[in-house]
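A.B. asks: Here it is, the structure in full.
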Amino acid sequence: MPLFGLRISLIGFIARQKGVDRARNEIKKSKCKVYHAIEVNRVFDGLEGIPTLTTDVLPKVRVDMVSWSSYDGRSADGLLMYRGIDIIRQYLNPTPYMKKKKVVFIGEVGKPENINDETRESIREFWDLMMGVYFAQKIPYIIQWELFCNEPKVGPRTQDRNKNDR
């Protein structure tokens, strides 16, 4: 993202958080809770000197939570995911409403089944590994992208090939 885009994003995020804060102050008696989250991606680019929302915007804005579109955190051992969550927390500047708690959640995660012709076992191993990382990191919310693989494939789709295994 160009530096100009980061500055515009910063201005927008500050304005959105102010709006959420103002609404909380105006309506105090409610069972409803409203949070503001910024979604980041390409977390590791910031470590290579490339400007990112994580390294260049998060430290300059107070925000309730951060969501990570975490495709760059996938690895065979789960360490990239674990490390990425730590990096986001390092830069996160929580609002007073969050009582200093740095909340990161996973806004997107998935594994393309059809591109590499994944097996049921490899998909299960991926999810077991990812969920282990999320439990270890106390991630409160995980949004799974691709419950059923949506990448195009010539021939039968993975779920079609495995329908007799259910």
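Lettering and numbering for the structure tokens are positional, with chains as A, B, ... in the shown order, residues counted from 1 in each chain, and ligands counted from 1 in the shown order.
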Write out as a PyMOL selection string which residues come within 7 Å of Val109 in chain A when counting only C-alpha atoms, dropping same-chain ones fewer than 5 positions away.
C.D. replies: chain A and resi 69-71+143-145
A.B. asks: Could you write out the selected residues, including N, CA and C atoms, as a compact mmCIF listing (two decimals), in the first residue's frame?
C.D. replies:
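Dumped everything to out_21.txt:
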# COMPACT_ATOMS: atom_id res chain seq x y z
N SER A 69 -6.19 -11.10 8.20
CA SER A 69 -6.41 -11.95 7.04
C SER A 69 -5.10 -12.71 6.87
N SER A 70 -5.06 -13.91 7.41
CA SER A 70 -3.80 -14.54 7.81
C SER A 70 -3.18 -15.51 6.82
N TYR A 71 -3.43 -15.34 5.56
CA TYR A 71 -2.87 -16.29 4.59
C TYR A 71 -1.34 -16.28 4.59
N ILE A 143 -12.57 -16.61 11.82
CA ILE A 143 -13.52 -16.65 10.71
C ILE A 143 -12.91 -17.51 9.62
N GLN A 144 -13.52 -18.64 9.40
CA GLN A 144 -12.99 -19.57 8.40
C GLN A 144 -13.48 -19.15 7.03
N TRP A 145 -12.54 -19.02 6.14
CA TRP A 145 -12.84 -18.69 4.75
C TRP A 145 -12.74 -19.98 3.99
A.B. asks: For the structure I just gave you, how does DSSP split range 25-91 of chain A - specifically, which residues are strand (DSSP E)? Reply as JSON, numbers by chain.
C.D. replies: {"A": [37, 38, 39, 40, 65, 66, 67, 68, 69]}
A.B. asks: For range 125-140 of chain A, find every residue with an atom within 9 Å (counting only C-alpha atoms), except residues of its own chain fewer than 2 positions away, and show them as an mmCIF file with all heavy atoms, in the first residue's frame.
C.D. replies:
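Dumped to around.cif:
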data_model
loop_
_atom_site.group_PDB
_atom_site.id
_atom_site.type_symbol
_atom_site.label_atom_id
_atom_site.label_comp_id
_atom_site.auth_asym_id
_atom_site.auth_seq_id
_atom_site.Cartn_x
_atom_site.Cartn_y
_atom_site.Cartn_z
ATOM 1 N N ARG A 74 0.453 -18.942 7.065
ATOM 2 C CA ARG A 74 0.407 -20.403 6.939
ATOM 3 C C ARG A 74 1.810 -20.967 6.769
ATOM 4 O O ARG A 74 2.591 -20.475 5.973
ATOM 5 C CB ARG A 74 -0.473 -20.809 5.761
ATOM 6 C CG ARG A 74 -1.935 -20.473 5.980
ATOM 7 C CD ARG A 74 -2.802 -20.966 4.866
ATOM 8 N NE ARG A 74 -2.368 -20.377 3.595
ATOM 9 C CZ ARG A 74 -3.004 -20.544 2.462
ATOM 10 N NH1 ARG A 74 -4.072 -21.282 2.398
ATOM 11 N NH2 ARG A 74 -2.570 -19.969 1.353
ATOM 12 N N ALA A 76 4.075 -25.031 7.503
ATOM 13 C CA ALA A 76 3.940 -26.455 7.831
ATOM 14 C C ALA A 76 3.983 -26.714 9.335
ATOM 15 O O ALA A 76 3.392 -27.674 9.814
ATOM 16 C CB ALA A 76 5.038 -27.259 7.133
ATOM 17 N N ASP A 77 4.667 -25.844 10.083
ATOM 18 C CA ASP A 77 4.798 -26.077 11.524
ATOM 19 C C ASP A 77 3.956 -25.135 12.384
ATOM 20 O O ASP A 77 3.938 -25.256 13.599
ATOM 21 C CB ASP A 77 6.265 -25.983 11.947
ATOM 22 C CG ASP A 77 6.887 -24.631 11.632
ATOM 23 O OD1 ASP A 77 6.173 -23.710 11.193
ATOM 24 O OD2 ASP A 77 8.112 -24.516 11.815
ATOM 25 N N GLY A 78 3.266 -24.160 11.785
ATOM 26 C CA GLY A 78 2.421 -23.234 12.537
ATOM 27 C C GLY A 78 3.158 -22.058 13.150
ATOM 28 O O GLY A 78 2.544 -21.153 13.718
ATOM 29 N N LEU A 79 4.485 -22.050 13.041
ATOM 30 C CA LEU A 79 5.252 -20.994 13.695
ATOM 31 C C LEU A 79 5.039 -19.613 13.081
ATOM 32 O O LEU A 79 5.054 -18.608 13.794
ATOM 33 C CB LEU A 79 6.738 -21.341 13.709
ATOM 34 C CG LEU A 79 7.110 -22.524 14.609
ATOM 35 C CD1 LEU A 79 8.590 -22.837 14.492
ATOM 36 C CD2 LEU A 79 6.717 -22.263 16.050
ATOM 37 N N MET A 81 2.222 -18.486 11.853
ATOM 38 C CA MET A 81 0.950 -17.997 12.393
ATOM 39 C C MET A 81 1.145 -17.473 13.809
ATOM 40 O O MET A 81 0.681 -16.384 14.162
ATOM 41 C CB MET A 81 -0.092 -19.115 12.354
ATOM 42 C CG MET A 81 -1.483 -18.687 12.708
ATOM 43 S SD MET A 81 -2.255 -17.560 11.508
ATOM 44 C CE MET A 81 -2.454 -18.631 10.094
ATOM 45 N N TYR A 82 1.840 -18.246 14.611
ATOM 46 C CA TYR A 82 2.099 -17.858 16.000
ATOM 47 C C TYR A 82 2.872 -16.539 16.046
ATOM 48 O O TYR A 82 2.513 -15.614 16.770
ATOM 49 C CB TYR A 82 2.880 -18.972 16.705
ATOM 50 C CG TYR A 82 2.868 -18.862 18.203
ATOM 51 C CD1 TYR A 82 1.955 -19.569 18.960
ATOM 52 C CD2 TYR A 82 3.769 -18.023 18.866
ATOM 53 C CE1 TYR A 82 1.933 -19.470 20.345
ATOM 54 C CE2 TYR A 82 3.747 -17.913 20.240
ATOM 55 C CZ TYR A 82 2.838 -18.640 20.977
ATOM 56 O OH TYR A 82 2.803 -18.534 22.338
ATOM 57 N N ILE A 85 0.819 -13.399 14.938
ATOM 58 C CA ILE A 85 -0.074 -12.908 15.999
ATOM 59 C C ILE A 85 0.726 -12.080 17.002
ATOM 60 O O ILE A 85 0.295 -11.009 17.432
ATOM 61 C CB ILE A 85 -0.804 -14.085 16.669
ATOM 62 C CG1 ILE A 85 -1.763 -14.741 15.662
ATOM 63 C CG2 ILE A 85 -1.551 -13.625 17.923
ATOM 64 C CD1 ILE A 85 -2.269 -16.117 16.075
ATOM 65 N N ASP A 86 1.914 -12.567 17.372
ATOM 66 C CA ASP A 86 2.776 -11.808 18.285
ATOM 67 C C ASP A 86 3.168 -10.458 17.689
ATOM 68 O O ASP A 86 3.190 -9.443 18.394
ATOM 69 C CB ASP A 86 4.047 -12.599 18.605
ATOM 70 C CG ASP A 86 3.824 -13.690 19.640
ATOM 71 O OD1 ASP A 86 2.779 -13.674 20.327
ATOM 72 O OD2 ASP A 86 4.711 -14.564 19.759
ATOM 73 N N VAL A 103 -6.369 -7.500 21.744
ATOM 74 C CA VAL A 103 -7.175 -8.559 21.143
ATOM 75 C C VAL A 103 -6.912 -8.636 19.641
ATOM 76 O O VAL A 103 -7.120 -7.682 18.904
ATOM 77 C CB VAL A 103 -8.677 -8.333 21.404
ATOM 78 C CG1 VAL A 103 -9.515 -9.398 20.716
ATOM 79 C CG2 VAL A 103 -8.953 -8.313 22.900
ATOM 80 N N VAL A 104 -6.432 -9.791 19.226
ATOM 81 C CA VAL A 104 -6.249 -10.104 17.815
ATOM 82 C C VAL A 104 -7.170 -11.262 17.495
ATOM 83 O O VAL A 104 -7.266 -12.213 18.268
ATOM 84 C CB VAL A 104 -4.781 -10.512 17.513
ATOM 85 C CG1 VAL A 104 -4.632 -10.939 16.058
ATOM 86 C CG2 VAL A 104 -3.832 -9.376 17.850
ATOM 87 N N PHE A 105 -7.881 -11.166 16.392
ATOM 88 C CA PHE A 105 -8.652 -12.320 15.942
ATOM 89 C C PHE A 105 -8.327 -12.598 14.485
ATOM 90 O O PHE A 105 -7.702 -11.790 13.800
ATOM 91 C CB PHE A 105 -10.152 -12.164 16.206
ATOM 92 C CG PHE A 105 -10.872 -11.108 15.421
ATOM 93 C CD1 PHE A 105 -11.505 -11.418 14.224
ATOM 94 C CD2 PHE A 105 -10.959 -9.807 15.893
ATOM 95 C CE1 PHE A 105 -12.197 -10.458 13.507
ATOM 96 C CE2 PHE A 105 -11.650 -8.841 15.192
ATOM 97 C CZ PHE A 105 -12.260 -9.162 14.000
ATOM 98 N N ILE A 106 -8.690 -13.772 14.041
ATOM 99 C CA ILE A 106 -8.383 -14.202 12.686
ATOM 100 C C ILE A 106 -9.596 -13.903 11.813
ATOM 101 O O ILE A 106 -10.657 -14.491 11.988
ATOM 102 C CB ILE A 106 -8.008 -15.704 12.649
ATOM 103 C CG1 ILE A 106 -6.852 -15.991 13.601
ATOM 104 C CG2 ILE A 106 -7.699 -16.140 11.225
ATOM 105 C CD1 ILE A 106 -5.585 -15.215 13.331
ATOM 106 N N VAL A 109 -8.946 -17.242 7.254
ATOM 107 C CA VAL A 109 -8.002 -18.349 7.212
ATOM 108 C C VAL A 109 -8.651 -19.457 6.411
ATOM 109 O O VAL A 109 -9.864 -19.638 6.449
ATOM 110 C CB VAL A 109 -7.584 -18.841 8.613
ATOM 111 C CG1 VAL A 109 -8.761 -19.398 9.380
ATOM 112 C CG2 VAL A 109 -6.456 -19.859 8.521
ATOM 113 N N GLY A 110 -7.867 -20.166 5.672
ATOM 114 C CA GLY A 110 -8.387 -21.281 4.894
ATOM 115 C C GLY A 110 -7.255 -21.983 4.180
ATOM 116 O O GLY A 110 -6.119 -21.525 4.176
ATOM 117 N N LYS A 111 -7.576 -23.110 3.607
ATOM 118 C CA LYS A 111 -6.591 -23.888 2.855
ATOM 119 C C LYS A 111 -7.259 -24.337 1.561
ATOM 120 O O LYS A 111 -8.240 -25.077 1.597
ATOM 121 C CB LYS A 111 -6.139 -25.089 3.665
ATOM 122 C CG LYS A 111 -5.084 -25.929 2.952
ATOM 123 C CD LYS A 111 -4.564 -27.006 3.869
ATOM 124 C CE LYS A 111 -3.558 -27.880 3.198
ATOM 125 N NZ LYS A 111 -2.236 -27.320 3.114
ATOM 126 N N ARG A 120 -8.070 -35.472 2.540
ATOM 127 C CA ARG A 120 -8.810 -35.201 3.772
ATOM 128 C C ARG A 120 -7.854 -35.114 4.960
ATOM 129 O O ARG A 120 -8.014 -34.279 5.834
ATOM 130 C CB ARG A 120 -9.855 -36.286 4.020
ATOM 131 C CG ARG A 120 -11.024 -36.235 3.066
ATOM 132 C CD ARG A 120 -11.963 -37.404 3.286
ATOM 133 N NE ARG A 120 -12.723 -37.282 4.517
ATOM 134 C CZ ARG A 120 -13.921 -36.760 4.595
ATOM 135 N NH1 ARG A 120 -14.506 -36.295 3.512
ATOM 136 N NH2 ARG A 120 -14.549 -36.694 5.737
ATOM 137 N N GLU A 121 -6.861 -35.982 4.966
ATOM 138 C CA GLU A 121 -5.898 -35.999 6.071
ATOM 139 C C GLU A 121 -5.087 -34.701 6.133
ATOM 140 O O GLU A 121 -4.854 -34.155 7.211
ATOM 141 C CB GLU A 121 -4.955 -37.207 5.954
ATOM 142 C CG GLU A 121 -5.625 -38.552 6.148
ATOM 143 C CD GLU A 121 -6.454 -39.002 4.931
ATOM 144 O OE1 GLU A 121 -6.116 -38.633 3.782
ATOM 145 O OE2 GLU A 121 -7.469 -39.689 5.150
ATOM 146 N N SER A 122 -4.662 -34.205 4.962
ATOM 147 C CA SER A 122 -3.862 -32.971 4.967
ATOM 148 C C SER A 122 -4.706 -31.773 5.399
ATOM 149 O O SER A 122 -4.198 -30.873 6.077
ATOM 150 C CB SER A 122 -3.214 -32.723 3.604
ATOM 151 O OG SER A 122 -4.178 -32.403 2.626
ATOM 152 N N ILE A 123 -5.980 -31.779 5.035
ATOM 153 C CA ILE A 123 -6.872 -30.702 5.470
ATOM 154 C C ILE A 123 -7.062 -30.775 6.980
ATOM 155 O O ILE A 123 -6.998 -29.761 7.683
ATOM 156 C CB ILE A 123 -8.233 -30.780 4.733
ATOM 157 C CG1 ILE A 123 -8.047 -30.597 3.224
ATOM 158 C CG2 ILE A 123 -9.222 -29.774 5.291
ATOM 159 C CD1 ILE A 123 -7.499 -29.262 2.803
ATOM 160 N N ILE A 142 -12.391 -16.680 15.217
ATOM 161 C CA ILE A 142 -11.741 -17.189 14.014
ATOM 162 C C ILE A 142 -12.804 -17.268 12.930
ATOM 163 O O ILE A 142 -13.836 -17.927 13.123
ATOM 164 C CB ILE A 142 -11.149 -18.593 14.256
ATOM 165 C CG1 ILE A 142 -10.148 -18.546 15.403
ATOM 166 C CG2 ILE A 142 -10.514 -19.137 12.981
ATOM 167 C CD1 ILE A 142 -9.970 -19.864 16.100
#
A.B. asks: I need the residue nearest Thr52 in chain A from this list: A:Glu39, A:Glu113, A:Asp21, A:Glu108. Use only C-alpha atoms for the distance.
C.D. replies: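 Closest candidate: A:Glu39.
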A.B. asks: Would you please extract all alpha helix (DSSP H) residues from range 33-141 of chain A, as assigned by DSSP on the backbone, and give them as a CSV table (one decimal) with N, CA, C and O atoms, in the first residue's frame?
C.D. replies:
chain,number,residue,atom,x,y,z
A,53,LEU,N,-0.1,-1.8,7.2
A,53,LEU,CA,-1.0,-1.3,8.2
A,53,LEU,C,-0.5,-1.7,9.6
A,53,LEU,O,-0.6,-1.0,10.5
A,54,THR,N,0.1,-2.9,9.7
A,54,THR,CA,0.6,-3.4,11.0
A,54,THR,C,1.7,-2.5,11.5
A,54,THR,O,1.6,-2.0,12.7
A,55,THR,N,2.7,-2.3,10.8
A,55,THR,CA,3.9,-1.6,11.3
A,55,THR,C,3.8,-0.1,11.2
A,55,THR,O,4.4,0.6,12.0
A,56,ASP,N,2.9,0.5,10.3
A,56,ASP,CA,2.9,1.9,10.1
A,56,ASP,C,1.6,2.6,10.5
A,56,ASP,O,1.6,3.8,10.6
A,79,LEU,N,4.5,-22.0,13.0
A,79,LEU,CA,5.3,-21.0,13.7
A,79,LEU,C,5.0,-19.6,13.1
A,79,LEU,O,5.1,-18.6,13.8
A,80,LEU,N,4.8,-19.6,11.8
A,80,LEU,CA,4.5,-18.3,11.2
A,80,LEU,C,3.2,-17.7,11.7
A,80,LEU,O,3.2,-16.5,12.0
A,81,MET,N,2.2,-18.5,11.9
A,81,MET,CA,0.9,-18.0,12.4
A,81,MET,C,1.1,-17.5,13.8
A,81,MET,O,0.7,-16.4,14.2
A,82,TYR,N,1.8,-18.2,14.6
A,82,TYR,CA,2.1,-17.9,16.0
A,82,TYR,C,2.9,-16.5,16.0
A,82,TYR,O,2.5,-15.6,16.8
A,83,ARG,N,3.9,-16.5,15.3
A,83,ARG,CA,4.8,-15.3,15.2
A,83,ARG,C,4.0,-14.1,14.7
A,83,ARG,O,4.1,-12.9,15.2
A,84,GLY,N,3.2,-14.3,13.7
A,84,GLY,CA,2.4,-13.2,13.1
A,84,GLY,C,1.4,-12.6,14.1
A,84,GLY,O,1.3,-11.3,14.2
A,85,ILE,N,0.8,-13.4,14.9
A,85,ILE,CA,-0.1,-12.9,16.0
A,85,ILE,C,0.7,-12.1,17.0
A,85,ILE,O,0.3,-11.0,17.4
A,86,ASP,N,1.9,-12.6,17.4
A,86,ASP,CA,2.8,-11.8,18.3
A,86,ASP,C,3.2,-10.5,17.7
A,86,ASP,O,3.2,-9.4,18.4
A,87,ILE,N,3.5,-10.4,16.4
A,87,ILE,CA,3.9,-9.2,15.7
A,87,ILE,C,2.7,-8.2,15.8
A,87,ILE,O,2.9,-7.0,16.1
A,88,ILE,N,1.5,-8.6,15.5
A,88,ILE,CA,0.4,-7.7,15.5
A,88,ILE,C,0.2,-7.2,16.9
A,88,ILE,O,0.0,-6.0,17.1
A,89,ARG,N,0.2,-8.0,17.9
A,89,ARG,CA,0.1,-7.6,19.3
A,89,ARG,C,1.2,-6.5,19.7
A,89,ARG,O,0.9,-5.6,20.4
A,90,GLN,N,2.4,-6.7,19.1
A,90,GLN,CA,3.4,-5.8,19.4
A,90,GLN,C,3.1,-4.4,19.0
A,90,GLN,O,3.4,-3.4,19.6
A,91,TYR,N,2.4,-4.2,17.8
A,91,TYR,CA,2.1,-2.9,17.3
A,91,TYR,C,0.7,-2.4,17.7
A,91,TYR,O,0.4,-1.2,17.5
A,120,ARG,N,-8.1,-35.5,2.5
A,120,ARG,CA,-8.8,-35.2,3.8
A,120,ARG,C,-7.9,-35.1,5.0
A,120,ARG,O,-8.0,-34.3,5.8
A,121,GLU,N,-6.9,-36.0,5.0
A,121,GLU,CA,-5.9,-36.0,6.1
A,121,GLU,C,-5.1,-34.7,6.1
A,121,GLU,O,-4.9,-34.2,7.2
A,122,SER,N,-4.7,-34.2,5.0
A,122,SER,CA,-3.9,-33.0,5.0
A,122,SER,C,-4.7,-31.8,5.4
A,122,SER,O,-4.2,-30.9,6.1
A,123,ILE,N,-6.0,-31.8,5.0
A,123,ILE,CA,-6.9,-30.7,5.5
A,123,ILE,C,-7.1,-30.8,7.0
A,123,ILE,O,-7.0,-29.8,7.7
A,124,ARG,N,-7.3,-32.0,7.5
A,124,ARG,CA,-7.5,-32.1,9.0
A,124,ARG,C,-6.2,-31.7,9.7
A,124,ARG,O,-6.2,-31.0,10.7
A,125,GLU,N,-5.0,-32.1,9.2
A,125,GLU,CA,-3.8,-31.7,9.8
A,125,GLU,C,-3.6,-30.2,9.8
A,125,GLU,O,-3.2,-29.6,10.8
A,126,PHE,N,-3.9,-29.6,8.7
A,126,PHE,CA,-3.9,-28.1,8.7
A,126,PHE,C,-4.7,-27.5,9.8
A,126,PHE,O,-4.3,-26.6,10.5
A,127,TRP,N,-6.0,-27.9,9.8
A,127,TRP,CA,-6.9,-27.3,10.8
A,127,TRP,C,-6.5,-27.6,12.2
A,127,TRP,O,-6.6,-26.8,13.1
A,128,ASP,N,-6.0,-28.8,12.5
A,128,ASP,CA,-5.6,-29.2,13.8
A,128,ASP,C,-4.4,-28.3,14.2
A,128,ASP,O,-4.3,-27.8,15.4
A,129,LEU,N,-3.5,-28.1,13.3
A,129,LEU,CA,-2.3,-27.2,13.6
A,129,LEU,C,-2.8,-25.8,13.8
A,129,LEU,O,-2.4,-25.1,14.8
A,130,MET,N,-3.6,-25.2,12.9
A,130,MET,CA,-4.0,-23.8,13.1
A,130,MET,C,-4.8,-23.6,14.4
A,130,MET,O,-4.6,-22.7,15.1
A,131,MET,N,-5.7,-24.6,14.7
A,131,MET,CA,-6.5,-24.4,15.9
A,131,MET,C,-5.6,-24.5,17.2
A,131,MET,O,-5.9,-23.8,18.2
A,132,GLY,N,-4.6,-25.4,17.1
A,132,GLY,CA,-3.6,-25.4,18.2
A,132,GLY,C,-2.9,-24.1,18.4
A,132,GLY,O,-2.8,-23.7,19.6
A,133,VAL,N,-2.5,-23.4,17.3
A,133,VAL,CA,-1.9,-22.1,17.5
A,133,VAL,C,-2.9,-21.1,18.0
A,133,VAL,O,-2.6,-20.4,19.0
A,134,TYR,N,-4.2,-21.1,17.6
A,134,TYR,CA,-5.2,-20.2,18.0
A,134,TYR,C,-5.5,-20.4,19.5
A,134,TYR,O,-5.7,-19.4,20.3
A,135,PHE,N,-5.6,-21.6,19.9
A,135,PHE,CA,-5.8,-21.9,21.3
A,135,PHE,C,-4.7,-21.4,22.2
A,135,PHE,O,-4.8,-20.8,23.2
A,136,ALA,N,-3.4,-21.7,21.7
A,136,ALA,CA,-2.2,-21.3,22.5
A,136,ALA,C,-2.1,-19.8,22.6
A,136,ALA,O,-1.7,-19.3,23.6
